[in-house]
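K.L.:
Sharing work_24.cif below, mmCIF, C-alpha atoms:
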data_work
#
loop_
_atom_site.label_atom_id
_atom_site.label_comp_id
_atom_site.auth_asym_id
_atom_site.auth_seq_id
_atom_site.Cartn_x
_atom_site.Cartn_y
_atom_site.Cartn_z
CA MET A 16 -123.77 -95.54 13.30
CA PRO A 17 -122.17 -92.37 11.83
CA ALA A 18 -124.30 -89.27 11.42
CA LYS A 19 -125.62 -88.46 7.97
CA PHE A 20 -125.07 -85.02 6.46
CA VAL A 21 -127.08 -83.67 3.54
CA LEU A 22 -125.08 -80.97 1.75
CA VAL A 23 -126.76 -78.57 -0.66
CA GLY A 24 -124.42 -77.14 -3.29
CA SER A 25 -121.40 -78.83 -4.89
CA GLY A 26 -119.50 -75.68 -5.72
CA LEU A 27 -116.01 -75.06 -4.42
CA ALA A 28 -116.89 -75.07 -0.72
CA GLY A 29 -119.48 -77.85 -1.03
CA GLY A 30 -117.05 -80.24 -2.67
CA LEU A 31 -114.31 -79.48 -0.16
CA LEU A 32 -116.62 -79.82 2.84
CA ALA A 33 -117.88 -83.17 1.53
CA ALA A 34 -114.26 -84.36 1.45
CA TYR A 35 -113.65 -83.19 5.03
CA LEU A 36 -116.83 -84.89 6.30
CA GLY A 37 -116.11 -88.04 4.29
CA ARG A 38 -112.65 -88.25 5.84
CA ARG A 39 -114.22 -88.21 9.31
CA GLY A 40 -116.40 -91.16 8.40
CA TYR A 41 -119.73 -89.33 8.16
CA ASP A 42 -122.35 -90.48 5.67
CA VAL A 43 -122.64 -87.67 3.10
CA ASP A 44 -125.09 -86.92 0.29
CA LEU A 45 -124.14 -83.87 -1.75
CA TYR A 46 -126.83 -82.33 -3.98
CA GLU A 47 -126.23 -79.83 -6.79
CA ARG A 48 -128.83 -78.12 -8.99
CA ARG A 49 -126.48 -77.91 -11.99
CA THR A 50 -124.91 -80.60 -14.12
CA ASP A 51 -121.53 -82.09 -13.30
CA PRO A 52 -118.93 -79.31 -13.88
CA ARG A 53 -116.41 -81.96 -14.93
CA GLU A 54 -118.46 -82.52 -18.07
CA GLY A 55 -117.46 -79.08 -19.31
CA ASN A 56 -120.87 -77.44 -18.95
CA ILE A 57 -119.47 -74.12 -17.75
CA VAL A 58 -121.37 -70.96 -18.62
CA GLY A 59 -119.03 -68.26 -19.94
CA GLY A 60 -118.93 -64.79 -18.46
CA ARG A 61 -119.26 -65.78 -14.81
CA SER A 62 -116.07 -65.77 -12.70
CA ILE A 63 -114.19 -68.51 -14.51
CA ASN A 64 -110.98 -67.91 -12.60
CA LEU A 65 -110.17 -67.02 -9.03
CA ALA A 66 -107.38 -65.83 -6.76
CA ILE A 67 -106.44 -68.33 -4.07
CA SER A 68 -104.34 -67.14 -1.13
CA THR A 69 -102.61 -68.78 1.83
CA ARG A 70 -105.70 -69.51 3.87
CA GLY A 71 -107.40 -71.16 0.90
CA ILE A 72 -104.31 -73.22 0.17
CA HIS A 73 -104.09 -74.21 3.85
CA ALA A 74 -107.57 -75.77 3.60
CA LEU A 75 -106.49 -77.81 0.56
CA GLU A 76 -103.31 -78.91 2.36
CA GLN A 77 -105.29 -80.14 5.36
CA ILE A 78 -107.21 -82.56 3.14
CA GLY A 79 -104.10 -83.52 1.15
CA ILE A 80 -105.00 -82.16 -2.29
CA ALA A 81 -103.08 -78.87 -2.48
CA ASP A 82 -100.40 -80.08 -4.88
CA GLU A 83 -102.94 -81.72 -7.16
CA ALA A 84 -105.39 -78.80 -7.10
CA LEU A 85 -102.72 -76.15 -7.64
CA ARG A 86 -100.86 -77.98 -10.41
CA HIS A 87 -102.13 -75.51 -13.01
CA ALA A 88 -102.31 -72.42 -10.78
CA ILE A 89 -100.31 -69.37 -11.85
CA PRO A 90 -98.48 -67.32 -9.18
CA MET A 91 -99.31 -63.59 -9.25
CA ARG A 92 -96.45 -61.89 -7.42
CA GLY A 93 -97.84 -58.37 -7.51
CA ARG A 94 -100.19 -55.90 -9.14
CA MET A 95 -99.44 -54.48 -12.56
CA ILE A 96 -101.14 -51.10 -12.72
CA HIS A 97 -102.03 -49.80 -16.20
CA ASP A 98 -102.59 -46.04 -16.40
CA LYS A 99 -104.46 -44.33 -19.24
CA SER A 100 -101.25 -43.46 -21.07
CA GLY A 101 -100.32 -47.14 -21.24
CA ALA A 102 -97.51 -46.82 -18.69
CA LEU A 103 -97.06 -49.82 -16.38
CA HIS A 104 -96.33 -49.77 -12.65
CA PHE A 105 -95.56 -53.03 -10.86
CA ALA A 106 -96.23 -53.27 -7.10
CA PRO A 107 -95.00 -56.57 -5.60
CA TYR A 108 -97.05 -58.15 -2.84
CA ASP A 109 -93.97 -58.92 -0.77
CA VAL A 110 -90.20 -58.72 -0.89
CA ASP A 111 -90.28 -62.52 -0.97
CA PRO A 112 -91.68 -63.47 -4.41
CA LYS A 113 -92.89 -66.78 -3.00
CA LYS A 114 -95.43 -64.92 -0.86
CA CYS A 115 -98.08 -64.27 -3.45
CA ILE A 116 -101.59 -65.13 -4.56
CA ASN A 117 -102.41 -67.57 -7.32
CA SER A 118 -104.75 -67.49 -10.30
CA ILE A 119 -106.68 -70.72 -10.70
CA GLY A 120 -109.55 -71.80 -12.91
CA ARG A 121 -112.89 -72.31 -11.17
CA ALA A 122 -113.70 -75.44 -13.19
CA THR A 123 -110.31 -77.01 -12.48
CA LEU A 124 -110.55 -76.40 -8.74
CA ASN A 125 -114.20 -77.48 -8.58
CA ALA A 126 -113.35 -80.75 -10.32
CA ALA A 127 -110.47 -81.34 -7.89
CA VAL A 128 -112.55 -80.92 -4.72
CA ILE A 129 -115.42 -83.06 -6.03
CA ALA A 130 -112.96 -85.80 -7.01
CA ALA A 131 -111.42 -85.59 -3.53
CA ALA A 132 -114.85 -86.05 -1.95
CA GLN A 133 -115.71 -89.02 -4.15
CA ARG A 134 -112.59 -90.87 -3.05
CA TYR A 135 -114.53 -91.70 0.11
CA PRO A 136 -117.11 -94.45 -0.43
CA ASN A 137 -119.39 -92.83 2.16
CA VAL A 138 -119.77 -89.69 -0.02
CA ARG A 139 -122.31 -89.59 -2.84
CA VAL A 140 -122.76 -86.68 -5.25
CA HIS A 141 -126.08 -86.03 -7.02
CA PHE A 142 -126.29 -83.50 -9.86
CA ASN A 143 -129.42 -81.94 -11.37
CA HIS A 144 -131.11 -81.78 -7.96
CA LYS A 145 -132.46 -78.31 -7.12
CA CYS A 146 -133.23 -77.55 -3.48
CA THR A 147 -136.58 -75.77 -3.06
CA ASP A 148 -137.10 -75.91 0.70
CA VAL A 149 -135.69 -77.35 3.91
CA ASP A 150 -137.65 -78.68 6.87
CA LEU A 151 -135.41 -77.36 9.62
CA ALA A 152 -136.73 -79.50 12.46
CA GLU A 153 -136.54 -82.73 10.46
CA ALA A 154 -133.30 -81.96 8.57
CA ALA A 155 -135.15 -82.83 5.39
CA CYS A 156 -134.29 -81.23 2.07
CA HIS A 157 -136.95 -81.02 -0.64
CA LEU A 158 -135.51 -81.25 -4.15
CA GLU A 159 -136.68 -81.03 -7.74
CA THR A 160 -135.21 -83.31 -10.39
CA GLU A 161 -135.90 -84.05 -14.04
CA ASN A 162 -138.00 -87.01 -12.89
CA GLY A 163 -140.02 -85.21 -10.22
CA LYS A 164 -139.72 -84.19 -6.58
CA VAL A 165 -137.69 -86.05 -3.96
CA THR A 166 -136.85 -85.55 -0.30
CA ALA A 167 -133.38 -86.12 1.15
CA ARG A 168 -133.25 -86.76 4.89
CA GLY A 169 -130.31 -86.75 7.24
CA ASP A 170 -129.20 -85.87 10.75
CA ALA A 171 -128.16 -82.41 9.56
CA VAL A 172 -128.40 -80.24 6.44
CA ILE A 173 -125.55 -77.90 5.52
CA GLY A 174 -126.20 -75.10 3.06
CA VAL A 175 -123.20 -74.49 0.83
CA ASP A 176 -125.40 -73.24 -1.99
CA GLY A 177 -124.03 -69.77 -2.52
CA ALA A 178 -125.17 -66.20 -2.12
CA PHE A 179 -128.77 -66.95 -3.09
CA SER A 180 -128.98 -69.97 -0.82
CA ALA A 181 -132.23 -71.94 -0.69
CA VAL A 182 -131.20 -73.32 2.72
CA ARG A 183 -130.74 -69.83 4.12
CA ALA A 184 -134.07 -68.76 2.62
CA SER A 185 -135.76 -71.56 4.58
CA MET A 186 -134.07 -70.33 7.75
CA GLN A 187 -135.29 -66.79 7.04
CA ARG A 188 -138.86 -67.99 6.70
CA ASN A 189 -138.89 -70.15 9.80
CA ILE A 190 -136.54 -68.75 12.44
CA ASP A 191 -137.83 -65.88 14.55
CA ASN A 192 -135.54 -62.84 14.54
CA PHE A 193 -133.28 -64.30 11.87
CA GLN A 194 -131.07 -61.38 10.86
CA TYR A 195 -130.42 -60.88 7.19
CA ASP A 196 -128.89 -57.99 5.31
CA GLU A 197 -127.83 -57.68 1.68
CA ASP A 198 -126.04 -54.78 0.03
CA TYR A 199 -126.19 -54.50 -3.74
CA LEU A 200 -123.58 -52.20 -5.20
CA ALA A 201 -124.41 -49.64 -7.86
CA HIS A 202 -121.79 -51.39 -9.97
CA GLY A 203 -122.01 -54.61 -11.96
CA TYR A 204 -119.37 -56.72 -13.65
CA LYS A 205 -118.80 -58.20 -17.09
CA GLU A 206 -116.13 -60.70 -18.07
CA LEU A 207 -114.02 -60.21 -21.19
CA THR A 208 -111.01 -61.99 -22.68
CA ILE A 209 -107.43 -61.34 -23.75
CA PRO A 210 -106.55 -64.42 -25.85
CA PRO A 211 -103.08 -65.99 -26.11
CA ALA A 212 -100.55 -64.67 -28.61
CA PRO A 213 -100.30 -66.59 -31.91
CA ASP A 214 -97.49 -68.70 -30.43
CA GLY A 215 -99.62 -69.54 -27.36
CA SER A 216 -97.77 -67.23 -24.97
CA TRP A 217 -99.23 -64.58 -22.67
CA GLN A 218 -99.55 -61.16 -24.31
CA ILE A 219 -98.94 -59.29 -21.04
CA GLU A 220 -96.96 -60.16 -17.91
CA LYS A 221 -98.00 -63.63 -16.81
CA ASN A 222 -97.15 -63.49 -13.10
CA ALA A 223 -99.16 -60.42 -12.13
CA LEU A 224 -102.68 -59.34 -11.36
CA HIS A 225 -103.35 -56.62 -13.93
CA ILE A 226 -105.45 -53.62 -12.87
CA TRP A 227 -106.70 -50.67 -14.90
CA PRO A 228 -107.94 -48.30 -12.13
CA ARG A 229 -110.19 -45.46 -13.33
CA LYS A 230 -111.59 -43.71 -10.25
CA SER A 231 -115.23 -44.90 -10.10
CA PHE A 232 -114.64 -48.08 -12.14
CA MET A 233 -111.86 -50.46 -13.08
CA MET A 234 -110.88 -53.51 -15.11
CA ILE A 235 -108.74 -56.39 -13.88
CA ALA A 236 -107.16 -59.38 -15.65
CA LEU A 237 -106.03 -62.75 -14.27
CA PRO A 238 -103.82 -65.19 -16.20
CA ASN A 239 -104.96 -68.61 -17.38
CA PRO A 240 -102.76 -71.65 -18.14
CA ASP A 241 -103.65 -71.56 -21.86
CA GLY A 242 -101.99 -68.15 -22.29
CA SER A 243 -105.20 -66.15 -22.09
CA PHE A 244 -106.36 -63.64 -19.47
CA THR A 245 -109.84 -63.37 -18.01
CA CYS A 246 -110.68 -59.69 -17.70
CA THR A 247 -113.44 -58.32 -15.50
CA LEU A 248 -114.87 -54.84 -15.94
CA PHE A 249 -116.45 -53.39 -12.77
CA TRP A 250 -118.65 -50.48 -13.86
CA GLU A 251 -121.78 -48.59 -12.87
CA PHE A 252 -125.12 -50.04 -13.94
CA GLU A 253 -126.63 -46.57 -14.45
CA GLY A 254 -125.28 -43.12 -15.21
CA PRO A 255 -123.98 -40.94 -18.07
CA ARG A 256 -121.22 -43.48 -18.71
CA SER A 257 -122.39 -46.91 -17.64
CA PHE A 258 -123.57 -50.31 -18.79
CA ALA A 259 -126.99 -48.78 -19.38
CA THR A 260 -125.74 -46.14 -21.82
CA THR A 261 -123.17 -48.26 -23.66
CA LYS A 262 -125.16 -50.34 -26.10
CA SER A 263 -123.86 -50.02 -29.65
CA ASP A 264 -120.55 -51.30 -31.00
CA ASP A 265 -119.44 -47.70 -31.49
CA ASP A 266 -120.23 -46.94 -27.83
CA VAL A 267 -118.13 -49.89 -26.70
CA ARG A 268 -115.21 -49.01 -29.00
CA ARG A 269 -115.26 -45.39 -27.85
CA PHE A 270 -115.37 -46.22 -24.15
CA PHE A 271 -112.59 -48.81 -24.25
CA GLY A 272 -110.48 -46.72 -26.61
CA GLU A 273 -110.62 -43.78 -24.20
CA GLU A 274 -110.21 -45.69 -20.94
CA PHE A 275 -108.18 -48.81 -21.75
CA PRO A 276 -106.22 -47.94 -24.92
CA ASP A 277 -103.40 -50.41 -24.23
CA ALA A 278 -105.85 -53.30 -23.73
CA VAL A 279 -108.00 -52.83 -26.84
CA PRO A 280 -105.42 -54.19 -29.36
CA LEU A 281 -105.15 -57.33 -27.21
CA MET A 282 -108.92 -58.01 -27.21
CA PRO A 283 -110.06 -59.06 -30.70
CA THR A 284 -113.36 -60.45 -29.37
CA LEU A 285 -114.16 -57.38 -27.25
CA LEU A 286 -117.41 -56.50 -29.03
CA GLU A 287 -118.68 -60.08 -29.00
CA ASP A 288 -117.74 -60.60 -25.35
CA PHE A 289 -119.32 -57.32 -24.27
CA LYS A 290 -122.56 -58.12 -26.11
CA ASN A 291 -122.86 -61.81 -25.24
CA ASN A 292 -121.50 -62.17 -21.72
CA PRO A 293 -123.97 -61.39 -18.92
CA THR A 294 -123.65 -58.40 -16.61
CA GLY A 295 -123.49 -59.70 -13.07
CA SER A 296 -124.55 -58.02 -9.83
CA LEU A 297 -122.26 -57.42 -6.87
CA VAL A 298 -123.69 -58.22 -3.46
CA THR A 299 -122.50 -58.51 0.12
CA ILE A 300 -124.63 -60.70 2.38
CA ARG A 301 -124.60 -60.89 6.17
CA CYS A 302 -126.86 -63.01 8.32
CA ALA A 303 -127.17 -64.53 11.76
CA PRO A 304 -127.35 -67.12 13.15
CA TRP A 305 -125.64 -69.53 10.78
CA TYR A 306 -127.20 -72.61 12.35
CA TYR A 307 -130.46 -74.02 13.71
CA ARG A 308 -130.02 -76.35 16.68
CA ASP A 309 -128.10 -79.43 15.57
CA ARG A 310 -130.06 -79.71 12.33
CA VAL A 311 -129.04 -77.01 9.88
CA CYS A 312 -125.89 -74.98 9.26
CA LEU A 313 -124.65 -72.47 6.65
CA LEU A 314 -121.16 -72.21 5.18
CA GLY A 315 -119.39 -70.04 2.61
CA ASP A 316 -121.33 -67.54 0.52
CA ALA A 317 -124.60 -68.87 1.92
CA ALA A 318 -123.54 -67.34 5.24
CA HIS A 319 -121.34 -64.41 4.20
CA ALA A 320 -121.18 -63.58 0.50
CA VAL A 321 -118.63 -60.91 -0.35
CA VAL A 322 -118.06 -58.89 -3.51
CA PRO A 323 -115.52 -60.61 -5.79
CA PHE A 324 -112.97 -57.83 -6.09
CA TYR A 325 -111.80 -58.45 -2.50
CA GLY A 326 -110.54 -61.83 -3.67
CA GLN A 327 -111.55 -63.49 -0.39
CA GLY A 328 -114.90 -65.23 -0.94
CA MET A 329 -113.50 -68.63 -1.86
CA ASN A 330 -110.64 -68.34 0.64
CA ALA A 331 -113.07 -67.52 3.47
CA ALA A 332 -115.34 -70.40 2.48
CA PHE A 333 -112.42 -72.84 2.42
CA GLU A 334 -111.37 -71.66 5.85
CA ASP A 335 -114.97 -72.24 7.02
CA CYS A 336 -114.49 -75.91 6.08
CA VAL A 337 -111.37 -76.15 8.24
CA VAL A 338 -113.03 -74.54 11.26
CA LEU A 339 -116.26 -76.56 11.02
CA ASP A 340 -114.23 -79.77 10.70
CA GLU A 341 -112.25 -78.86 13.82
CA CYS A 342 -115.43 -78.06 15.75
CA LEU A 343 -117.09 -81.34 14.75
CA ASP A 344 -113.97 -83.15 15.93
CA LYS A 345 -113.82 -81.28 19.23
CA PHE A 346 -117.52 -81.68 19.99
CA SER A 347 -118.15 -85.01 18.26
CA ASP A 348 -120.87 -85.93 20.73
CA ASN A 349 -122.71 -82.61 20.54
CA ARG A 350 -123.33 -81.34 17.01
CA GLU A 351 -125.31 -78.29 18.12
CA ARG A 352 -122.38 -77.15 20.24
CA ALA A 353 -120.07 -77.76 17.29
CA PHE A 354 -122.26 -75.60 15.04
CA ALA A 355 -122.45 -72.89 17.71
CA LYS A 356 -118.67 -72.86 18.22
CA TYR A 357 -118.11 -72.70 14.45
CA PHE A 358 -120.47 -69.72 14.20
CA GLU A 359 -118.86 -67.99 17.18
CA SER A 360 -115.36 -68.57 15.79
CA ARG A 361 -116.14 -67.27 12.32
CA LYS A 362 -118.37 -64.29 13.03
CA LYS A 363 -116.45 -62.25 15.56
CA MET A 364 -118.28 -58.96 15.21
CA PRO A 365 -121.88 -58.60 16.44
CA MET A 366 -124.20 -57.96 13.53
CA ARG A 367 -125.61 -54.77 15.07
CA SER A 368 -122.31 -53.19 16.07
CA PRO A 369 -121.68 -49.63 14.80
CA ILE A 370 -118.56 -50.73 12.93
CA TRP A 371 -120.36 -53.64 11.27
CA ARG A 372 -123.21 -51.38 10.16
CA SER A 373 -120.90 -48.66 8.85
CA VAL A 374 -119.04 -50.82 6.35
CA ILE A 375 -119.30 -49.11 2.93
CA SER A 376 -121.07 -46.28 4.68
CA LEU A 377 -124.70 -46.93 4.17
CA LYS A 378 -127.83 -46.67 6.22
CA CYS A 379 -130.68 -49.10 5.94
CA ALA A 380 -134.23 -47.83 5.80
CA THR A 381 -135.78 -51.00 7.22
CA LYS A 382 -134.57 -53.42 9.86
CA PRO A 383 -134.33 -57.08 8.90
CA ARG A 384 -136.93 -59.23 10.62
CA ARG A 385 -138.70 -62.48 10.06
CA GLY A 386 -140.01 -62.74 6.54
CA HIS A 387 -138.29 -59.54 5.45
CA PHE A 388 -134.88 -58.43 4.38
CA ALA A 389 -133.11 -55.14 3.99
CA ARG A 390 -131.99 -54.34 0.47
CA LYS A 391 -129.58 -51.56 -0.36
CA ARG A 392 -128.05 -50.55 -3.67
CA ASN A 393 -124.77 -48.96 -2.76
CA SER A 394 -121.90 -47.11 -4.25
CA ILE A 395 -118.71 -49.09 -4.43
CA ILE A 396 -116.88 -46.10 -2.97
CA CYS A 397 -117.30 -44.84 0.59
CA SER A 398 -119.36 -41.67 0.67
CA LYS A 399 -116.72 -39.79 2.64
CA PRO A 400 -113.30 -39.34 1.01
CA ARG A 401 -110.40 -40.66 3.03
CA SER A 402 -112.74 -42.52 5.36
CA ARG A 403 -111.58 -45.69 7.01
CA VAL A 404 -113.49 -48.93 6.99
CA CYS A 405 -112.80 -52.22 8.68
CA ILE A 406 -112.36 -54.65 5.83
CA CYS A 407 -112.28 -57.71 8.07
CA HIS A 408 -116.04 -57.55 8.57
CA PHE A 409 -116.74 -58.29 4.92
CA THR A 410 -115.48 -61.81 5.42
CA PRO A 411 -115.28 -64.12 8.43
CA TRP A 412 -112.38 -63.65 10.79
CA SER A 413 -109.18 -65.23 9.58
CA LEU A 414 -107.15 -67.62 11.68
CA LEU A 415 -104.02 -66.59 9.82
CA PRO A 416 -101.96 -63.41 10.16
CA ALA A 417 -103.07 -60.41 8.14
CA SER A 418 -99.97 -60.71 5.98
CA HIS A 419 -101.29 -64.04 4.75
CA THR A 420 -104.83 -62.92 4.02
CA ARG A 421 -103.97 -59.68 2.28
CA THR A 422 -100.62 -58.16 1.54
CA ARG A 423 -98.22 -55.84 3.30
CA ARG A 424 -100.90 -53.12 3.28
CA GLY A 425 -102.85 -55.08 5.90
CA VAL A 426 -106.42 -56.22 6.30
CA LEU A 427 -107.85 -54.12 9.10
CA ALA A 428 -108.01 -50.62 7.71
CA CYS A 429 -107.42 -49.15 4.28
CA LYS A 430 -107.94 -45.69 2.87
CA ILE A 431 -110.61 -45.44 0.26
CA GLU A 432 -110.55 -42.32 -1.89
CA SER A 433 -111.36 -43.68 -5.34
CA PHE A 434 -110.99 -46.85 -7.30
CA THR A 435 -107.36 -45.88 -7.85
CA LEU A 436 -106.76 -46.44 -4.15
CA CYS A 437 -109.35 -49.18 -3.86
CA SER A 438 -107.30 -51.22 -6.25
CA SER A 439 -104.38 -51.03 -3.84
CA PHE A 440 -106.07 -53.51 -1.54
CA LEU A 441 -108.27 -55.46 -3.91
CA PHE A 442 -106.59 -58.86 -4.00
#
Represent the structure of the file as structure tokens.

P.N.:
Amino acid sequence: MPAKFVLVGSGLAGGLLAAYLGRRGYDVDLYERRTDPREGNIVGGRSINLAISTRGIHALEQIGIADEALRHAIPMRGRMIHDKSGALHFAPYDVDPKKCINSIGRATLNAAVIAAAQRYPNVRVHFNHKCTDVDLAEAACHLETENGKVTARGDAVIGVDGAFSAVRASMQRNIDNFQYDEDYLAHGYKELTIPPAPDGSWQIEKNALHIWPRKSFMMIALPNPDGSFTCTLFWEFEGPRSFATTKSDDDVRRFFGEEFPDAVPLMPTLLEDFKNNPTGSLVTIRCAPWYYRDRVCLLGDAAHAVVPFYGQGMNAAFEDCVVLDECLDKFSDNRERAFAKYFESRKKMPMRSPIWRSVISLKCATKPRRGHFARKRNSIICSKPRSRVCICHFTPWSLLPASHTRTRRGVLACKIESFTLCSSFLF
């Protein structure tokens, strides 16, 4: 009789992993706290489009849905830098225009991976089921629904429920010496919109990732198939010029007019978007171990959330699916060994190594231990100008060459002097 997996979270990684497990013949129940994203219940202002790169596409290819999932993706062949004067500077990702990243809608991709999972009769998807706790030893997931509480049992539970994972929280409460560390940046983000031109075309270059770098903050824009662009402003929460001090319509007009003068005429709903869309937090999460015996495992943001402007969170999570699938195949008779090998393969750097701890240059006042976690609100910029950091430790190790996970500038070390230079390796 095939093993039964209970998956918590039907986001991008959860849907894809369900498809991988379904293909191997496992019995799969996938639980999601939200409604079915295919019904159009998407909340605006929260990362509605993404940048998918080679390692993310590779994961889709392995399950046979790359062409279908990427049908509406838009190639971004380089960065279009907008300076304050309005001048444009295009920096291609590669001499070969085919080597690029792609803008894709979150809802479109989420629908594609869930549909891929449901093609297997042994996969069942349950929406409006919120995980509240996990019994690690019994691989039992306690859920709340509109009709009351239920318990889902299986041979193993896999947490693919994002940065604020309920599965990981259960591991923190019940595993001695579980290591957990979260870094909140001093910056937040807000999504804005550049609509299509009256004829439905794109108002700025379609095949580029647009960046407005402004030292300690920046705005980016990714193209959508309908001719619009989703813009994201990364800006300080607090300070003389920040989200906290920019409240009135006049404040918003003044700030954008001074910093992004070429974008303002393209954003007729700027004031409404700024007022109505939520301001999100930016967090990096690291933890260890990612599994408990042969009963519980973490994948994607639940194990290693990364700030969105690196453009690697989804790609790393998709690659997790590939690696876990390979480990379950290799150690089909020993699930604990498969989980252990997956963890070892994906988390190359020891959590307490000096390099790991020095990423984004911050010291923690308290050490993570059972029942506790370290919380740091950081600057998005390294404290020392021209310092070098090892970017690969923000996301799990990639199986693909650096040229495929980043660009020609490489993934291992990048200069950070200000957001102007930061933007040279973001995406």

K.L.:
For Ser185 (chain A), which residue out of A:Thr166, A:Leu151, A:Ala84, A:Asp309 is the nearest one, using all atoms listed in the file?

P.N.:
A:Leu151

K.L.:
In terms of the shortest atom-to-atom distance over only C-alpha atoms, which of A:Pro293, A:Pro304, A:Gly315, A:Gly93 is closest to Phe354 (chain A)?

P.N.:
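When distances to Phe354 (chain A) are compared using only C-alpha atoms, the smallest one comes from A:Pro304.
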
K.L.:
Identify which of the residues A:Arg350, A:Arg39, A:Phe271, A:Lys145 lies closest to Ile78 (chain A), counting all atoms listed in the file when measuring atom-to-atom distances.

P.N.:
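Distance minimum relative to Ile78 (chain A) lands on A:Arg39.
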
K.L.:
Quick one: everything within 9 Å of Pro323 (chain A), counting only C-alpha atoms, minus sequence neighbours fewer than 3 positions away in the same chain. Send it as a PDB file with C-alpha atoms, in the coordinates of the input.

P.N.:
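selection16.pdb written:
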ATOM      1  CA  SER A  62    -116.070 -65.770 -12.700  1.00  0.00           C
ATOM      2  CA  LEU A  65    -110.170 -67.020  -9.030  1.00  0.00           C
ATOM      3  CA  LEU A 297    -122.260 -57.420  -6.870  1.00  0.00           C
ATOM      4  CA  VAL A 298    -123.690 -58.220  -3.460  1.00  0.00           C
ATOM      5  CA  ALA A 320    -121.180 -63.580   0.500  1.00  0.00           C
ATOM      6  CA  GLY A 326    -110.540 -61.830  -3.670  1.00  0.00           C
ATOM      7  CA  GLN A 327    -111.550 -63.490  -0.390  1.00  0.00           C
ATOM      8  CA  GLY A 328    -114.900 -65.230  -0.940  1.00  0.00           C
TER       9      GLY A 328
END

K.L.:
Using all atoms listed in the file, which protein or nucleic acid residues come within 9 Å of Asn330 (chain A)? Drop anything in the same chain fewer than 2 positions from it, and give the result as a PyMOL selection string.

P.N.:
chain A and resi 66-72+74+326-328+332-335+420

K.L.:
Can I get the selected residues back with C-alpha atoms, as a short mmCIF file (atom, residue, chain, number, x, y, z; two decimals), in the frame of the given file?

P.N.:
data_model
loop_
_atom_site.label_atom_id
_atom_site.label_comp_id
_atom_site.auth_asym_id
_atom_site.auth_seq_id
_atom_site.Cartn_x
_atom_site.Cartn_y
_atom_site.Cartn_z
CA ALA A 66 -107.38 -65.83 -6.76
CA ILE A 67 -106.44 -68.33 -4.07
CA SER A 68 -104.34 -67.14 -1.13
CA THR A 69 -102.61 -68.78 1.83
CA ARG A 70 -105.70 -69.51 3.87
CA GLY A 71 -107.40 -71.16 0.90
CA ILE A 72 -104.31 -73.22 0.17
CA ALA A 74 -107.57 -75.77 3.60
CA GLY A 326 -110.54 -61.83 -3.67
CA GLN A 327 -111.55 -63.49 -0.39
CA GLY A 328 -114.90 -65.23 -0.94
CA ALA A 332 -115.34 -70.40 2.48
CA PHE A 333 -112.42 -72.84 2.42
CA GLU A 334 -111.37 -71.66 5.85
CA ASP A 335 -114.97 -72.24 7.02
CA THR A 420 -104.83 -62.92 4.02
#

K.L.:
For Arg301 (chain A), find every residue with an atom within 7 Å (counting all atoms listed in the file), except residues of its own chain fewer than 6 positions away, and show them as an MDAnalysis selection string.

P.N.:
chainID A and resid 195:197 318:319

K.L.:
Using the chain letters and numbers from this file, what does the PyMOL selection byres ((chain A and resi 236-247) around 6) select? Give the answer as a PDB file with C-alpha atoms, in the coordinates of the input.

P.N.:
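The resulting selection21.pdb:
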ATOM      1  CA  LYS A 205    -118.800 -58.200 -17.090  1.00  0.00           C
ATOM      2  CA  GLU A 206    -116.130 -60.700 -18.070  1.00  0.00           C
ATOM      3  CA  LEU A 207    -114.020 -60.210 -21.190  1.00  0.00           C
ATOM      4  CA  THR A 208    -111.010 -61.990 -22.680  1.00  0.00           C
ATOM      5  CA  ILE A 209    -107.430 -61.340 -23.750  1.00  0.00           C
ATOM      6  CA  PRO A 210    -106.550 -64.420 -25.850  1.00  0.00           C
ATOM      7  CA  PRO A 211    -103.080 -65.990 -26.110  1.00  0.00           C
ATOM      8  CA  GLY A 215     -99.620 -69.540 -27.360  1.00  0.00           C
ATOM      9  CA  SER A 216     -97.770 -67.230 -24.970  1.00  0.00           C
ATOM     10  CA  TRP A 217     -99.230 -64.580 -22.670  1.00  0.00           C
ATOM     11  CA  LEU A 224    -102.680 -59.340 -11.360  1.00  0.00           C
ATOM     12  CA  HIS A 225    -103.350 -56.620 -13.930  1.00  0.00           C
ATOM     13  CA  MET A 234    -110.880 -53.510 -15.110  1.00  0.00           C
ATOM     14  CA  ILE A 235    -108.740 -56.390 -13.880  1.00  0.00           C
ATOM     15  CA  LEU A 248    -114.870 -54.840 -15.940  1.00  0.00           C
TER      16      LEU A 248
END

K.L.:
Where's the centre, and what are the edge lengths in Å to one decimal, of a box along x, y and z enclosing all listed atoms of region 349-352 of chain A padded 4 Å per side, as JSON?

P.N.:
{"center_x": -123.8, "center_y": -79.9, "center_z": 18.8, "size_x": 10.9, "size_y": 13.5, "size_z": 11.5}

K.L.:
Report the distance between CA of Gly174 (chain A) and CA of Cys156 (chain A) in Å, rounded to one decimal place.

P.N.:
10.2 Å

K.L.:
Distance CA of Asp344 (chain A)-CA of Ala18 (chain A), one decimal place?

P.N.:
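Computed distance, CA of Asp344 (chain A) to CA of Ala18 (chain A), equals 12.8 Å.
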
K.L.:
Could you state which residues are captured by the PyMOL selection byres ((chain A and resi 95) around 9) in this file, as a ChimeraX atom specification?

P.N.:
/A:93-94,96-97,103-107,220,223-227

K.L.:
So the first atom is CA of Lys363 (chain A) and the second is CA of Leu200 (chain A); what is the distance between them in Å, to one decimal place?

P.N.:
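Result for CA of Lys363 (chain A) versus CA of Leu200 (chain A): 24.1 Å, one decimal.
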